[in-house]
$ cat coords-v1.txt   # compact mmCIF, C-alpha atoms
# COMPACT_ATOMS: atom_id res chain seq x y z
CA MET K 1 -13.48 6.64 -1.42
CA ALA K 2 -13.50 8.18 -4.89
CA TRP K 3 -15.94 7.34 -7.66
CA ILE K 4 -14.18 5.97 -10.75
CA PRO K 5 -16.55 6.57 -13.68
CA PRO K 6 -17.28 3.91 -16.28
CA GLY K 7 -15.25 4.10 -19.45
CA THR K 8 -12.88 2.52 -21.94
CA PHE K 9 -9.10 2.76 -21.93
CA ARG K 10 -6.09 1.21 -23.61
CA MET K 11 -4.52 -1.28 -21.25
CA GLY K 12 -0.81 -2.11 -21.48
CA TRP K 13 2.32 -0.49 -22.83
CA ALA K 14 4.19 -1.16 -26.08
CA ASP K 15 7.70 -0.38 -24.80
CA GLY K 16 7.57 -2.39 -21.58
CA PRO K 17 8.10 -6.07 -20.79
CA ALA K 18 6.35 -8.60 -23.02
CA ASP K 19 3.57 -9.24 -20.51
CA GLU K 20 2.38 -5.62 -20.90
CA THR K 21 1.39 -6.37 -24.50
CA PRO K 22 -0.61 -6.36 -26.63
CA ILE K 23 -2.17 -3.01 -25.85
CA HIS K 24 -5.89 -3.68 -25.90
CA PRO K 25 -9.09 -1.72 -25.27
CA VAL K 26 -10.91 -2.52 -22.03
CA LYS K 27 -14.37 -1.31 -21.06
CA LEU K 28 -15.21 -1.06 -17.35
CA ASP K 29 -18.25 -0.33 -15.26
CA GLY K 30 -17.88 2.38 -12.64
CA PHE K 31 -16.71 1.57 -9.12
CA TRP K 32 -15.52 3.19 -5.89
CA MET K 33 -11.87 3.07 -4.87
CA GLY K 34 -9.99 4.03 -1.74
CA VAL K 35 -8.25 7.37 -2.24
CA HIS K 36 -5.21 5.94 -0.48
CA GLU K 37 -3.66 2.65 0.54
CA VAL K 38 -5.02 1.03 3.70
CA THR K 39 -3.09 2.45 6.65
CA ASN K 40 -1.72 0.96 9.84
CA ASP K 41 -4.44 2.70 11.85
CA GLU K 42 -7.17 1.32 9.60
CA TYR K 43 -5.79 -2.20 9.68
CA ALA K 44 -5.39 -2.01 13.46
CA LYS K 45 -9.14 -1.30 13.81
CA PHE K 46 -9.88 -4.43 11.78
CA VAL K 47 -7.54 -6.56 13.89
CA ALA K 48 -8.96 -5.17 17.14
CA ALA K 49 -12.50 -5.98 16.02
CA THR K 50 -11.82 -9.46 14.65
CA LYS K 51 -8.67 -10.70 16.43
CA TYR K 52 -7.34 -11.57 12.99
CA VAL K 53 -3.76 -12.88 12.88
CA THR K 54 -1.78 -12.25 9.69
CA LEU K 55 0.30 -15.02 8.22
CA ALA K 56 3.53 -13.24 9.17
CA GLU K 57 2.46 -13.52 12.82
CA GLN K 58 1.91 -17.28 12.63
CA VAL K 59 4.59 -19.90 13.29
CA PRO K 60 5.18 -21.77 9.99
CA THR K 61 3.91 -25.31 9.56
CA ALA K 62 4.73 -27.95 6.97
CA GLU K 63 1.43 -27.17 5.26
CA SER K 64 2.00 -23.41 5.17
CA LEU K 65 5.50 -23.92 3.76
CA GLY K 66 4.26 -26.43 1.24
CA ILE K 67 6.83 -29.09 2.12
CA PRO K 68 6.46 -32.75 3.22
CA PRO K 69 6.11 -33.30 7.00
CA GLU K 70 9.26 -35.44 7.08
CA GLN K 71 11.27 -32.61 5.50
CA PHE K 72 9.75 -30.11 7.91
CA ALA K 73 10.75 -32.31 10.85
CA ASN K 74 14.41 -31.94 9.87
CA ILE K 75 14.35 -28.15 10.19
CA PRO K 76 15.92 -26.97 13.48
CA LYS K 77 13.17 -25.75 15.80
CA ASP K 78 14.94 -22.43 16.40
CA LYS K 79 14.63 -21.73 12.66
CA ILE K 80 10.85 -22.21 12.62
CA VAL K 81 9.74 -18.75 13.68
CA ALA K 82 7.03 -16.36 12.60
CA GLY K 83 8.33 -13.48 10.51
CA SER K 84 8.43 -11.83 7.13
CA ILE K 85 10.69 -10.56 4.36
CA VAL K 86 12.67 -7.38 5.14
CA PHE K 87 14.73 -5.15 2.84
CA THR K 88 18.38 -5.53 3.80
CA PRO K 89 20.88 -3.66 1.59
CA PRO K 90 23.94 -5.75 0.69
CA ALA K 91 27.42 -4.77 1.81
CA GLN K 92 28.63 -4.26 -1.74
CA ASP K 93 27.35 -2.48 -4.85
CA ILE K 94 25.66 -4.58 -7.52
CA PRO K 95 26.52 -3.81 -11.17
CA VAL K 96 23.61 -2.16 -12.94
CA ASN K 97 23.59 -4.84 -15.64
CA LYS K 98 23.10 -7.47 -12.94
CA LEU K 99 20.10 -5.82 -11.28
CA LYS K 100 17.66 -7.11 -13.88
CA GLU K 101 18.78 -10.72 -13.63
CA HIS K 102 16.18 -13.08 -12.24
CA ASN K 103 16.59 -13.97 -8.56
CA MET K 104 19.00 -11.10 -7.88
CA TRP K 105 16.37 -9.85 -5.44
CA GLY K 106 17.76 -12.36 -2.94
CA MET K 107 20.75 -10.04 -2.55
CA TRP K 108 18.67 -7.43 -0.72
CA TRP K 109 15.86 -9.37 0.95
CA ARG K 110 16.03 -11.66 3.96
CA TYR K 111 13.57 -13.41 6.25
CA VAL K 112 13.55 -11.81 9.70
CA GLY K 113 11.82 -13.52 12.59
CA GLY K 114 9.46 -11.34 14.60
CA THR K 115 8.70 -8.91 11.77
CA ASN K 116 5.12 -8.32 10.67
CA TRP K 117 2.72 -5.42 10.15
CA ARG K 118 3.14 -4.33 13.78
CA TYR K 119 6.96 -4.52 13.65
CA PRO K 120 7.77 -3.74 10.02
CA GLU K 121 11.57 -3.34 10.06
CA ARG K 122 12.75 -5.64 12.87
CA PRO K 123 11.24 -7.12 16.07
CA GLU K 124 12.21 -3.95 17.97
CA SER K 125 10.59 -1.56 15.48
CA SER K 126 7.13 -0.04 15.88
CA ILE K 127 4.26 1.57 14.00
CA ALA K 128 3.51 3.90 16.92
CA LYS K 129 4.35 6.94 14.78
CA LEU K 130 3.31 5.39 11.46
CA GLY K 131 -0.45 5.32 11.86
CA ASN K 132 -1.04 7.14 8.58
CA HIS K 133 1.52 5.07 6.66
CA PRO K 134 0.37 2.12 4.52
CA VAL K 135 0.21 -1.20 6.33
CA VAL K 136 2.87 -3.64 5.06
CA HIS K 137 3.83 -7.32 5.41
CA ILE K 138 0.32 -8.07 4.19
CA ASN K 139 -0.28 -11.04 1.92
CA TRP K 140 -3.22 -11.53 -0.44
CA ASP K 141 -5.32 -13.44 2.09
CA ASP K 142 -4.66 -10.82 4.78
CA ALA K 143 -5.90 -8.12 2.40
CA ARG K 144 -8.99 -10.10 1.45
CA ALA K 145 -9.85 -10.66 5.11
CA TYR K 146 -9.90 -6.88 5.62
CA CYS K 147 -12.21 -6.48 2.62
CA ALA K 148 -14.58 -9.12 4.01
CA TRP K 149 -14.71 -7.27 7.34
CA LEU K 150 -15.59 -4.00 5.59
CA THR K 151 -18.32 -5.79 3.64
CA ALA K 152 -19.83 -7.25 6.80
CA ASN K 153 -19.76 -3.92 8.61
CA THR K 154 -21.08 -1.71 5.83
CA GLY K 155 -23.40 -3.97 3.89
CA VAL K 156 -21.57 -2.88 0.74
CA LYS K 157 -19.40 -5.31 -1.19
CA HIS K 158 -15.71 -4.44 -0.69
CA ARG K 159 -12.93 -6.30 -2.47
CA LEU K 160 -9.54 -5.94 -4.05
CA PRO K 161 -9.50 -4.23 -7.46
CA THR K 162 -9.16 -6.27 -10.59
CA GLU K 163 -5.96 -5.66 -12.51
CA ALA K 164 -7.88 -3.76 -15.20
CA GLU K 165 -9.70 -1.62 -12.63
CA TRP K 166 -6.42 -0.80 -10.94
CA GLU K 167 -4.68 0.35 -14.13
CA TYR K 168 -7.70 2.32 -15.32
CA ALA K 169 -8.00 4.09 -11.97
CA ALA K 170 -4.24 4.70 -11.76
CA ARG K 171 -4.22 6.48 -15.10
CA GLY K 172 -6.76 8.99 -13.78
CA GLY K 173 -8.13 9.71 -17.22
CA LEU K 174 -4.71 10.16 -18.87
CA ASP K 175 -5.11 7.32 -21.35
CA GLY K 176 -1.95 6.24 -23.14
CA MET K 177 0.50 8.06 -20.86
CA GLU K 178 3.61 6.34 -19.49
CA TYR K 179 3.19 7.71 -15.97
CA VAL K 180 0.27 8.41 -13.66
CA TRP K 181 0.85 12.15 -14.06
CA GLY K 182 1.78 12.31 -17.75
CA GLU K 183 4.64 11.69 -20.16
CA LYS K 184 7.72 12.59 -18.11
CA GLN K 185 9.03 10.72 -15.08
CA GLN K 186 9.86 13.86 -13.13
CA PRO K 187 8.25 16.95 -14.67
CA GLY K 188 9.71 20.16 -13.32
CA ASN K 189 12.50 18.11 -11.68
CA LYS K 190 10.17 17.40 -8.76
CA PRO K 191 9.49 13.85 -7.48
CA LEU K 192 5.80 13.00 -7.74
CA ALA K 193 5.93 9.61 -6.07
CA ASN K 194 7.72 7.82 -3.25
CA ILE K 195 10.31 5.77 -5.15
CA TRP K 196 14.05 5.14 -4.87
CA GLN K 197 16.48 7.87 -5.90
CA GLY K 198 20.16 7.02 -6.17
CA ARG K 199 22.04 3.81 -6.85
CA PHE K 200 19.91 0.85 -5.79
CA PRO K 201 20.12 -1.06 -3.49
CA ARG K 202 22.68 0.72 -1.27
CA GLU K 203 22.32 4.46 -1.87
CA ASN K 204 19.01 6.28 -1.53
CA THR K 205 19.40 10.06 -1.77
CA GLN K 206 15.83 10.51 -0.46
CA GLU K 207 15.22 13.29 -2.94
CA ASP K 208 11.50 12.69 -2.47
CA GLY K 209 11.86 13.10 1.30
CA PHE K 210 11.49 9.47 2.34
CA TYR K 211 13.68 6.40 2.79
CA GLY K 212 10.84 3.97 3.57
CA THR K 213 7.10 4.34 3.31
CA ALA K 214 5.53 7.79 3.18
CA PRO K 215 2.31 8.91 4.86
CA VAL K 216 -0.57 8.26 2.50
CA GLY K 217 -1.46 11.36 0.51
CA ALA K 218 2.02 12.86 0.75
CA PHE K 219 2.13 13.25 -3.04
CA PRO K 220 -0.40 14.85 -5.43
CA ALA K 221 -3.54 12.92 -6.37
CA ASN K 222 -4.21 11.82 -9.93
CA GLY K 223 -7.15 12.88 -12.06
CA TYR K 224 -9.57 10.68 -10.11
CA GLY K 225 -8.40 11.95 -6.72
CA LEU K 226 -6.32 8.87 -5.90
CA HIS K 227 -2.99 9.17 -4.08
CA ASP K 228 0.09 6.94 -4.35
CA MET K 229 -0.96 4.98 -7.42
CA ALA K 230 2.77 5.11 -8.18
CA GLY K 231 5.30 4.10 -5.55
CA ASN K 232 4.97 3.84 -1.75
CA VAL K 233 3.86 0.17 -1.54
CA TRP K 234 2.87 -2.60 -3.91
CA GLU K 235 -0.89 -3.13 -4.02
CA TRP K 236 -2.56 -6.53 -4.29
CA CYS K 237 -5.15 -7.07 -7.02
CA GLU K 238 -7.84 -9.73 -7.28
CA ASP K 239 -6.48 -11.44 -10.41
CA TRP K 240 -4.26 -14.41 -10.94
CA TYR K 241 -1.23 -13.71 -13.14
CA ALA K 242 -0.52 -15.18 -16.57
CA PRO K 243 2.07 -13.59 -18.89
CA GLY K 244 -0.02 -13.95 -22.05
CA TYR K 245 -3.39 -13.00 -20.61
CA TYR K 246 -3.63 -9.72 -22.52
CA GLY K 247 -3.89 -11.69 -25.75
CA VAL K 248 -7.09 -13.43 -24.61
CA SER K 249 -8.52 -10.92 -22.14
CA GLN K 250 -12.22 -10.13 -22.15
CA ALA K 251 -13.06 -6.76 -23.65
CA LYS K 252 -15.42 -5.78 -20.80
CA ASN K 253 -14.77 -6.06 -17.06
CA PRO K 254 -11.99 -8.68 -17.36
CA ARG K 255 -11.37 -10.76 -14.23
CA GLY K 256 -8.02 -12.29 -15.08
CA PRO K 257 -7.05 -15.87 -15.95
CA LEU K 258 -8.14 -18.99 -14.10
CA GLN K 259 -5.91 -20.28 -11.31
CA GLN K 260 -4.88 -23.32 -13.35
CA ASP K 261 -3.63 -20.99 -16.10
CA SER K 262 -1.48 -18.89 -13.78
CA PHE K 263 2.29 -19.25 -13.93
CA ASP K 264 5.46 -17.19 -13.91
CA PRO K 265 7.84 -18.03 -16.78
CA ASN K 266 10.78 -16.89 -14.64
CA ASP K 267 10.12 -19.79 -12.29
CA GLY K 268 11.03 -22.34 -14.94
CA ARG K 269 9.29 -25.66 -14.27
CA ASN K 270 7.84 -24.47 -10.98
CA ARG K 271 4.32 -23.46 -12.04
CA ILE K 272 3.15 -21.98 -8.72
CA PRO K 273 0.05 -19.79 -9.28
CA LYS K 274 0.62 -16.13 -8.48
CA ARG K 275 -1.55 -13.09 -7.86
CA ILE K 276 -1.11 -9.65 -9.38
CA GLN K 277 0.48 -6.69 -7.58
CA ARG K 278 0.52 -3.19 -9.03
CA GLY K 279 1.96 0.29 -8.52
CA GLY K 280 5.57 -0.22 -7.48
CA SER K 281 6.96 0.82 -4.12
CA TYR K 282 9.46 3.03 -2.34
CA LEU K 283 12.12 0.55 -3.47
CA CYS K 284 11.43 0.94 -7.19
CA THR K 285 13.98 2.70 -9.36
CA ASP K 286 14.25 3.31 -13.08
CA LEU K 287 17.67 1.61 -13.00
CA TYR K 288 16.11 -1.83 -13.11
CA CYS K 289 12.46 -1.77 -12.07
CA GLY K 290 10.39 1.10 -13.38
CA ALA K 291 7.39 -0.52 -11.71
CA PHE K 292 5.88 2.82 -10.75
CA ARG K 293 4.50 3.04 -14.29
CA PRO K 294 0.72 2.31 -14.32
CA SER K 295 1.09 -0.47 -16.89
CA ARG K 296 3.80 -2.40 -15.01
CA ARG K 297 2.72 -5.85 -13.87
CA MET K 298 4.15 -7.68 -10.87
CA LYS K 299 3.22 -11.05 -9.45
CA ASN K 300 3.75 -12.94 -6.23
CA THR K 301 2.44 -16.02 -4.47
CA PRO K 302 -0.68 -15.20 -2.42
CA ASP K 303 1.04 -16.15 0.84
CA SER K 304 3.91 -13.71 0.33
CA GLY K 305 4.09 -10.63 2.53
CA THR K 306 7.01 -8.22 2.40
CA GLN K 307 8.12 -4.90 3.82
CA HIS K 308 6.76 -3.08 0.77
CA ALA K 309 3.51 -4.98 0.15
CA GLY K 310 0.14 -3.41 1.02
CA PHE K 311 -3.21 -2.86 -0.67
CA ARG K 312 -6.22 -0.61 -1.23
CA VAL K 313 -9.86 -1.55 -1.64
CA VAL K 314 -12.68 -0.97 -4.07
CA ALA K 315 -16.40 -1.03 -3.38
CA GLU K 316 -19.24 -1.93 -5.66
CA GLY K 317 -22.20 0.44 -5.81
CA ALA K 318 -24.11 3.06 -7.71
CA ALA K 319 -22.64 6.30 -8.97
CA PRO K 320 -22.88 9.33 -6.65
CA VAL K 321 -25.99 11.41 -6.95
CA LYS K 322 -25.29 14.79 -8.51
$ encode --input "coords-v1.txt" --output "structure tokens"
Amino acid sequence: MAWIPPGTFRMGWADGPADETPIHPVKLDGFWMGVHEVTNDEYAKFVAATKYVTLAEQVPTAESLGIPPEQFANIPKDKIVAGSIVFTPPAQDIPVNKLKEHNMWGMWWRYVGGTNWRYPERPESSIAKLGNHPVVHINWDDARAYCAWLTANTGVKHRLPTEAEWEYAARGGLDGMEYVWGEKQQPGNKPLANIWQGRFPRENTQEDGFYGTAPVGAFPANGYGLHDMAGNVWEWCEDWYAPGYYGVSQAKNPRGPLQQDSFDPNDGRNRIPKRIQRGGSYLCTDLYCGAFRPSRRMKNTPDSGTQHAGFRVVAEGAAPVK
């Protein structure tokens, strides 16, 4: 883990979506953060020690789906299978102006039975050669369970980062910059993160060398020694999401809004609370997403696990002795 020193930074971005504003100063205590996303090998050790079963490995129930038992009873039994959400490129191109429309994501995602962190692409896939790749298909509760295991085994409090801690750490001391590494997306015409190159969602030129996840640490670290704070996989944070939270955020060590204040305006009347995800993934492109910027906020329901969702941990403790 790397020590992230205490300090103050400007959180947010003026030229991004509305929920990245207003830019506001945030003061944070120091903390430790994993230098990379939790890997398949690391998560496998946790599962072996605890026999933990991720949500994607569990057969859905009426309660887990959040629907009435009588409605659940009408679902064909062959459709009630454990699985997760897998990236599936559509057969046709999607106009660039359509990519940003809400709910267009359904064009390239589908639920695939038998997929989970062990079988990330399809039931026949494997992580046998992906031990140093970030674990995926992990929801918020799955990530928290791993943190609790680390806490119990080390005697040191491990948890997910707060949204403010994540952005501060991602910036690596470059306060006010648009990207983790500076002002330009691709300085020197060299990819510095595992993101999508080409026309999303059908053509990926793999200019960065990868179509899916990359081994952790495949790209340069930021100023705090952290790898993959842009791209690779989305990373869960501790906070609930609220679009206007920056306007009322605490000035020191903010912990996010209360659960009852969490909602996604894109969901219309459906005010399902959502948790924060940060950092973008290998599927992010500047054509419509740009989520590999350190200020970019994403949100998802805590029970959602996808092929590009992982996490990293922070630990509470004293600064290193010099």
$ residues_around --input "coords-v1.txt" --residues "Ala193 (chain K)" --least-positions-apart "4" --cutoff "8 Å" --atoms "only C-alpha atoms" --output "ChimeraX atom specification"
/K:208,219,228,230-232
$ closest_residue --input "coords-v1.txt" --among "K:Gly256, K:Gly268, K:Gly114, K:Pro134" --to "Val86 (chain K)" --atoms "all atoms listed in the file"
K:Gly114
$ closest_residue --input "coords-v1.txt" --among "K:Ser126, K:Asn253, K:Ser281, K:Gln197" --to "Gly30 (chain K)" --atoms "only C-alpha atoms"
K:Asn253
$ closest_residue --input "coords-v1.txt" --among "K:Gly225, K:Gly317, K:Gly131, K:Pro294" --to "Glu183 (chain K)" --atoms "only C-alpha atoms"
K:Pro294
$ residues_around --input "coords-v1.txt" --residues "Asn222 (chain K)" --least-positions-apart "4" --cutoff "9 Å" --atoms "only C-alpha atoms" --output "PyMOL selection string"
chain K and resi 169-173+180-181+226-229
$ write_last_selection --input "coords-v1.txt" --atoms "C-alpha atoms" --output "PDB file, in the coordinates of the input"
ATOM      1  CA  ALA K 169      -8.000   4.090 -11.970  1.00  0.00           C
ATOM      2  CA  ALA K 170      -4.240   4.700 -11.760  1.00  0.00           C
ATOM      3  CA  ARG K 171      -4.220   6.480 -15.100  1.00  0.00           C
ATOM      4  CA  GLY K 172      -6.760   8.990 -13.780  1.00  0.00           C
ATOM      5  CA  GLY K 173      -8.130   9.710 -17.220  1.00  0.00           C
ATOM      6  CA  VAL K 180       0.270   8.410 -13.660  1.00  0.00           C
ATOM      7  CA  TRP K 181       0.850  12.150 -14.060  1.00  0.00           C
ATOM      8  CA  LEU K 226      -6.320   8.870  -5.900  1.00  0.00           C
ATOM      9  CA  HIS K 227      -2.990   9.170  -4.080  1.00  0.00           C
ATOM     10  CA  ASP K 228       0.090   6.940  -4.350  1.00  0.00           C
ATOM     11  CA  MET K 229      -0.960   4.980  -7.420  1.00  0.00           C
TER      12      MET K 229
END
$ closest_residue --input "coords-v1.txt" --among "K:Lys98, K:Lys274, K:Arg159, K:His36" --to "Asp142 (chain K)" --atoms "all atoms listed in the file"
K:Arg159
$ axis_aligned_box --input "coords-v1.txt" --around "region 215-223 of chain K" --padding-each-side "8 Å" --output "AutoDock Vina command-line options"
--center_x -2.4 --center_y 11.6 --center_z -3.6 --size_x 25.5 --size_y 22.6 --size_z 32.9
$ residues_around --input "coords-v1.txt" --residues "Ser295 (chain K)" --least-positions-apart "5" --cutoff "9 Å" --atoms "only C-alpha atoms" --output "PyMOL selection string"
chain K and resi 11-13+16+20+167+171+178-179+278-279
$ residues_near_point --input "coords-v1.txt" --point "(11.7, 8.1, -3.8)" --cutoff "7 Å" --atoms "all atoms listed in the file" --output "JSON, numbers by chain"
{"K": [193, 194, 195, 196, 197, 206, 207, 208, 210, 282]}
$ closest_residue --input "coords-v1.txt" --among "K:Gln260, K:Gln307, K:Asn139, K:Asn300" --to "Leu55 (chain K)" --atoms "all atoms listed in the file"
K:Asn139
$ residues_around --input "coords-v1.txt" --residues "Asn40 (chain K)" --least-positions-apart "5" --cutoff "9 Å" --atoms "only C-alpha atoms" --output "list in words"
Lys45, Trp117, Arg118, Ile127, Leu130, Gly131, Asn132, His133, Pro134, Val135 and Val136 of chain K
$ atom_distance --input "coords-v1.txt" --atom1 "CA of Ile94 (chain K)" --atom2 "CA of Thr285 (chain K)"
13.9 Å
$ residues_around --input "coords-v1.txt" --residues "Leu287 (chain K)" --least-positions-apart "3" --cutoff "10 Å" --atoms "all atoms listed in the file" --output "mmCIF file with C-alpha atoms, in the frame of the given file"
data_model
loop_
_atom_site.group_PDB
_atom_site.id
_atom_site.type_symbol
_atom_site.label_atom_id
_atom_site.label_comp_id
_atom_site.auth_asym_id
_atom_site.auth_seq_id
_atom_site.Cartn_x
_atom_site.Cartn_y
_atom_site.Cartn_z
ATOM 1 C CA VAL K 96 23.610 -2.160 -12.940
ATOM 2 C CA ASN K 97 23.590 -4.840 -15.640
ATOM 3 C CA LEU K 99 20.100 -5.820 -11.280
ATOM 4 C CA LYS K 100 17.660 -7.110 -13.880
ATOM 5 C CA TRP K 196 14.050 5.140 -4.870
ATOM 6 C CA GLN K 197 16.480 7.870 -5.900
ATOM 7 C CA GLY K 198 20.160 7.020 -6.170
ATOM 8 C CA ARG K 199 22.040 3.810 -6.850
ATOM 9 C CA PHE K 200 19.910 0.850 -5.790
ATOM 10 C CA CYS K 284 11.430 0.940 -7.190
ATOM 11 C CA GLY K 290 10.390 1.100 -13.380
#
$ closest_residue --input "coords-v1.txt" --among "K:Leu150, K:Ile4, K:Ala291, K:Val81" --to "Val35 (chain K)" --atoms "all atoms listed in the file"
K:Ile4
$ atom_distance --input "coords-v1.txt" --atom1 "CA of Pro191 (chain K)" --atom2 "CA of Val216 (chain K)"
15.2 Å
$ decode --input "coords-v1.txt" --residues "region 147-169 of chain K" --atoms "N, CA and C atoms" --output "mmCIF file, in the first residue's frame"
data_model
loop_
_atom_site.group_PDB
_atom_site.id
_atom_site.type_symbol
_atom_site.label_atom_id
_atom_site.label_comp_id
_atom_site.auth_asym_id
_atom_site.auth_seq_id
_atom_site.Cartn_x
_atom_site.Cartn_y
_atom_site.Cartn_z
ATOM 1 N N CYS K 147 -12.856 -6.306 2.400
ATOM 2 C CA CYS K 147 -12.255 -5.345 3.331
ATOM 3 C C CYS K 147 -12.388 -5.826 4.772
ATOM 4 N N ALA K 148 -13.553 -6.384 5.119
ATOM 5 C CA ALA K 148 -13.774 -6.881 6.476
ATOM 6 C C ALA K 148 -12.824 -8.033 6.791
ATOM 7 N N TRP K 149 -12.574 -8.889 5.806
ATOM 8 C CA TRP K 149 -11.646 -10.004 5.984
ATOM 9 C C TRP K 149 -10.234 -9.495 6.238
ATOM 10 N N LEU K 150 -9.797 -8.495 5.469
ATOM 11 C CA LEU K 150 -8.479 -7.910 5.682
ATOM 12 C C LEU K 150 -8.379 -7.302 7.081
ATOM 13 N N THR K 151 -9.421 -6.630 7.504
ATOM 14 C CA THR K 151 -9.432 -6.024 8.837
ATOM 15 C C THR K 151 -9.262 -7.082 9.914
ATOM 16 N N ALA K 152 -10.018 -8.173 9.787
ATOM 17 C CA ALA K 152 -9.950 -9.242 10.783
ATOM 18 C C ALA K 152 -8.583 -9.914 10.812
ATOM 19 N N ASN K 153 -7.931 -10.003 9.674
ATOM 20 C CA ASN K 153 -6.663 -10.718 9.588
ATOM 21 C C ASN K 153 -5.450 -9.867 9.923
ATOM 22 N N THR K 154 -5.591 -8.559 9.810
ATOM 23 C CA THR K 154 -4.447 -7.686 10.051
ATOM 24 C C THR K 154 -4.561 -6.870 11.331
ATOM 25 N N GLY K 155 -5.778 -6.723 11.840
ATOM 26 C CA GLY K 155 -5.981 -5.873 12.995
ATOM 27 C C GLY K 155 -5.969 -4.400 12.652
ATOM 28 N N VAL K 156 -5.901 -4.098 11.364
ATOM 29 C CA VAL K 156 -5.916 -2.715 10.871
ATOM 30 C C VAL K 156 -7.199 -2.497 10.084
ATOM 31 N N LYS K 157 -7.873 -1.411 10.326
ATOM 32 C CA LYS K 157 -9.130 -1.125 9.655
ATOM 33 C C LYS K 157 -8.915 -0.932 8.152
ATOM 34 N N HIS K 158 -9.503 -1.834 7.354
ATOM 35 C CA HIS K 158 -9.514 -1.702 5.895
ATOM 36 C C HIS K 158 -10.935 -1.413 5.447
ATOM 37 N N ARG K 159 -11.075 -0.611 4.410
ATOM 38 C CA ARG K 159 -12.391 -0.236 3.902
ATOM 39 C C ARG K 159 -12.257 0.255 2.478
ATOM 40 N N LEU K 160 -13.386 0.578 1.887
ATOM 41 C CA LEU K 160 -13.371 1.222 0.583
ATOM 42 C C LEU K 160 -13.049 2.702 0.770
ATOM 43 N N PRO K 161 -12.435 3.346 -0.208
ATOM 44 C CA PRO K 161 -12.154 4.778 -0.070
ATOM 45 C C PRO K 161 -13.432 5.600 -0.155
ATOM 46 N N THR K 162 -13.425 6.734 0.525
ATOM 47 C CA THR K 162 -14.506 7.675 0.287
ATOM 48 C C THR K 162 -14.298 8.279 -1.104
ATOM 49 N N GLU K 163 -15.340 8.894 -1.626
ATOM 50 C CA GLU K 163 -15.228 9.504 -2.949
ATOM 51 C C GLU K 163 -14.157 10.593 -2.957
ATOM 52 N N ALA K 164 -14.095 11.379 -1.886
ATOM 53 C CA ALA K 164 -13.092 12.439 -1.810
ATOM 54 C C ALA K 164 -11.691 11.864 -1.717
ATOM 55 N N GLU K 165 -11.509 10.814 -0.910
ATOM 56 C CA GLU K 165 -10.200 10.173 -0.812
ATOM 57 C C GLU K 165 -9.774 9.627 -2.167
ATOM 58 N N TRP K 166 -10.712 9.023 -2.872
ATOM 59 C CA TRP K 166 -10.362 8.433 -4.165
ATOM 60 C C TRP K 166 -9.872 9.511 -5.132
ATOM 61 N N GLU K 167 -10.610 10.615 -5.252
ATOM 62 C CA GLU K 167 -10.218 11.637 -6.214
ATOM 63 C C GLU K 167 -8.900 12.302 -5.819
ATOM 64 N N TYR K 168 -8.741 12.555 -4.542
ATOM 65 C CA TYR K 168 -7.485 13.149 -4.061
ATOM 66 C C TYR K 168 -6.305 12.249 -4.380
ATOM 67 N N ALA K 169 -6.450 10.961 -4.102
ATOM 68 C CA ALA K 169 -5.372 10.006 -4.366
ATOM 69 C C ALA K 169 -5.120 9.864 -5.859
#
